[in-house]
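Shown next, in structure tokens, is the structure this report addresses.
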Amino acid sequence: MLTYTPEQIASLVDEAKTGHRLSLERLVNIFHADILRMVFYRTRSRLDAEDLTQEIFLKVMKSIRKLKDGKRFKSWLYRIAINHLRDHFRKKKILSMIGIQSGTEDLLELEPGPENPVEQYEKKEFQRYLFKYINELSNNEKEVFNLRFLEQLKIREMSFVLNKSESTIKTYLYRALKKLGKNEELHAFLTGDVS
Amino acid sequence: MKAIEKHLTQDQLIMAVVDEDDLDSTSAAHLSICPDCRLRLQQMTQKLDKLEELARKTAPKPLETPLPLPEPRGGRLFFKPMAVAAMAVLLMVLVVTWPWNRTENNHIGIAAIFQEMEKDEQLMADIEALESFALSGLHMEANGNGYGMIDDEFIDFLVPRENGSFI
């Protein structure tokens with residue numbers, strides 16, 4: 001898998017800002033899987049994740065000219081994604097309050113892949129333990145944990161995305177990890193001690 | 001036991017996972033020399049690495065069809081020569097033809113109105129004539145009501161005078 005340096009990303013951003021379609025497409029391709037994963041782990045619905053991912057990238061395309069520093073593209077992209085997700089959940093909450101509920105899966109349906117049934121089962125179990133653990137976190141802890149360990153963002157990037165200080169980010173991360181240590185199921189799964 | 005010899009607590013290991021630079025100097029010094037604490041830190045980090053890897057593997061992959069991108073806006077539409085030329089031509093056409101169009105249209109409009117008025121008058125005259133002479137001459141003669149065609153000669157024929165007077 002190709003990895004791009006921040007300078008390469010910034011170069012693509014500068015070209016995309018002038019209307020260079022290929023550069024825009026390349027930027028989308030670089031981050032598409034990451035954003036899809038991020039949205040998926042928050043919505044737990046593949047259909048919602050695909051729709052929301054598309055909406056996020058459309059927003060990015062429309063406002064990319066406003067981005068002054070191309071090196072901050074990744075953080076800027078995630079900030080747009082986070083804000084869009086917040087709007088989505090706010091709307092969903094309102095709809096559920098007035099009785100219009102949207103369908104969400106409690107357990108994720110894994111895509112059929114080349115893995116054998118045992119691996120498929122392990123994946124399903126992992127997601128079950130993971131979501132059970134994430135549900136125990138506060139909203140801030142959840143957001144910080146997801147960005148750090150599911151999206152692999154650095155502390156500085158998370159600080160920009162969430163518009164919080166680095167010390168605040170670290171505090172939430174610390175609390176999330178402390179709760180992880182107390183979650184025996186997930187802990188055992190990750191250490192291979194599942195009986 | 002010296003402070004530097006004291007093993008890190010679970011909380012301190014978590015702090016090290018978050019950011020090793022945030023450890024106090026004593027704990028950082030111990031971590032640098034203690035293989036047990038380094039191993040514990042490594043195990044914790046490996047567990048989180050595995051979590052990252054599984055999260056990446058179990059997430060859905062993007063579909064084959066690419067995201068539809070909007071058409072590029074270009075950003076310099078006003079300065080494209082073709083667009084400028086087209087707008088100039090349109091302006092010229094409007095400026096040159098607009099007064100003529102308006103005058104001719106006015107004349108044509110007024111004449112048409114007069115023509116319509118004449119037609120209306122003729123129509124009213126025809127209607128009045130129909131009202132006055134609703135039946136044909138033949139029908140009127142059969143009724144004994146003519147349209148002025150029965151004269152004295154015809155009456156004398158019908159009812160001849162005796163000694164010049166009507167009976």
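Going through the structure tokens in order, the chains are called A, B, and so on, while each chain numbers its residues from 1 and the ligands are numbered from 1 in the order shown.
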
Name all residues at most 9 Å from stretch 60-70 of chain A (count only C-alpha atoms; drop same-chain ones fewer than 5 positions away) and give them as a PDB file with N, CA and C atoms, in the first residue's frame.
```pdb
ATOM      1  N   PRO A   6       3.264  14.071   4.104  1.00  0.00           N
ATOM      2  CA  PRO A   6       2.453  15.299   4.183  1.00  0.00           C
ATOM      3  C   PRO A   6       2.764  16.283   3.045  1.00  0.00           C
ATOM      4  N   GLU A   7       4.011  16.281   2.603  1.00  0.00           N
ATOM      5  CA  GLU A   7       4.383  17.203   1.513  1.00  0.00           C
ATOM      6  C   GLU A   7       3.718  16.786   0.206  1.00  0.00           C
ATOM      7  N   ILE A   9       0.941  15.119  -0.030  1.00  0.00           N
ATOM      8  CA  ILE A   9      -0.491  15.427   0.135  1.00  0.00           C
ATOM      9  C   ILE A   9      -0.721  16.913  -0.121  1.00  0.00           C
ATOM     10  N   ALA A  10       0.167  17.743   0.433  1.00  0.00           N
ATOM     11  CA  ALA A  10       0.025  19.192   0.264  1.00  0.00           C
ATOM     12  C   ALA A  10       0.125  19.575  -1.208  1.00  0.00           C
ATOM     13  N   SER A  11       0.991  18.900  -1.924  1.00  0.00           N
ATOM     14  CA  SER A  11       1.144  19.180  -3.353  1.00  0.00           C
ATOM     15  C   SER A  11      -0.133  18.827  -4.116  1.00  0.00           C
ATOM     16  N   LEU A  12      -0.715  17.702  -3.780  1.00  0.00           N
ATOM     17  CA  LEU A  12      -1.980  17.303  -4.417  1.00  0.00           C
ATOM     18  C   LEU A  12      -3.090  18.299  -4.083  1.00  0.00           C
ATOM     19  N   VAL A  13      -3.079  18.759  -2.846  1.00  0.00           N
ATOM     20  CA  VAL A  13      -4.108  19.718  -2.422  1.00  0.00           C
ATOM     21  C   VAL A  13      -3.983  21.010  -3.227  1.00  0.00           C
ATOM     22  N   ASP A  14      -2.752  21.482  -3.396  1.00  0.00           N
ATOM     23  CA  ASP A  14      -2.538  22.728  -4.151  1.00  0.00           C
ATOM     24  C   ASP A  14      -3.033  22.579  -5.588  1.00  0.00           C
ATOM     25  N   ALA A  16      -5.334  20.411  -6.597  1.00  0.00           N
ATOM     26  CA  ALA A  16      -6.794  20.243  -6.558  1.00  0.00           C
ATOM     27  C   ALA A  16      -7.489  21.595  -6.403  1.00  0.00           C
ATOM     28  N   LYS A  17      -6.874  22.501  -5.680  1.00  0.00           N
ATOM     29  CA  LYS A  17      -7.473  23.819  -5.458  1.00  0.00           C
ATOM     30  C   LYS A  17      -7.598  24.609  -6.755  1.00  0.00           C
ATOM     31  N   THR A  18      -6.722  24.295  -7.718  1.00  0.00           N
ATOM     32  CA  THR A  18      -6.789  25.013  -9.000  1.00  0.00           C
ATOM     33  C   THR A  18      -7.755  24.339  -9.956  1.00  0.00           C
ATOM     34  N   LEU A  24      -7.562  15.797  -7.390  1.00  0.00           N
ATOM     35  CA  LEU A  24      -8.709  15.662  -6.488  1.00  0.00           C
ATOM     36  C   LEU A  24      -9.102  14.203  -6.343  1.00  0.00           C
ATOM     37  N   GLU A  55     -21.022  12.036   1.220  1.00  0.00           N
ATOM     38  CA  GLU A  55     -21.392  13.417   1.584  1.00  0.00           C
ATOM     39  C   GLU A  55     -20.185  14.171   2.133  1.00  0.00           C
ATOM     40  N   TRP A  76      -7.852  18.394   8.611  1.00  0.00           N
ATOM     41  CA  TRP A  76      -9.004  19.177   8.129  1.00  0.00           C
ATOM     42  C   TRP A  76     -10.098  18.249   7.630  1.00  0.00           C
ATOM     43  N   LEU A  77      -9.706  17.208   6.902  1.00  0.00           N
ATOM     44  CA  LEU A  77     -10.655  16.230   6.378  1.00  0.00           C
ATOM     45  C   LEU A  77     -11.392  15.528   7.524  1.00  0.00           C
ATOM     46  N   ILE A  80     -13.951  17.781   9.178  1.00  0.00           N
ATOM     47  CA  ILE A  80     -15.192  17.840   8.401  1.00  0.00           C
ATOM     48  C   ILE A  80     -16.011  16.576   8.643  1.00  0.00           C
TER      49      ILE A  80
ATOM     50  N   LEU B  69     -17.406  12.653  -8.620  1.00  0.00           N
ATOM     51  CA  LEU B  69     -16.841  13.959  -8.316  1.00  0.00           C
ATOM     52  C   LEU B  69     -17.630  15.022  -9.039  1.00  0.00           C
ATOM     53  N   PRO B  70     -17.852  16.184  -8.432  1.00  0.00           N
ATOM     54  CA  PRO B  70     -18.536  17.266  -9.150  1.00  0.00           C
ATOM     55  C   PRO B  70     -17.640  17.798 -10.249  1.00  0.00           C
TER      56      PRO B  70
END
```

request  = Using only C-alpha atoms, find which residues of chain A lie within 6 Å of chain B and jot them down as a ChimeraX atom specification.
outcome  = /A:19,33,37,149-150,190

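With only C-alpha atoms as the basis for measurement, A:Ile56 is the residue among A:Lys124, A:Met97, A:Ile56, A:Gln8 that approaches A:His84 most closely.
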
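In this structure, atom CA of A:Lys74 sits 11.2 Å away from atom CA of A:Tyr4.
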
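Taking atom CA of B:Leu39 as the reference point, atom CA of B:Thr26 is found at 18.0 Å.
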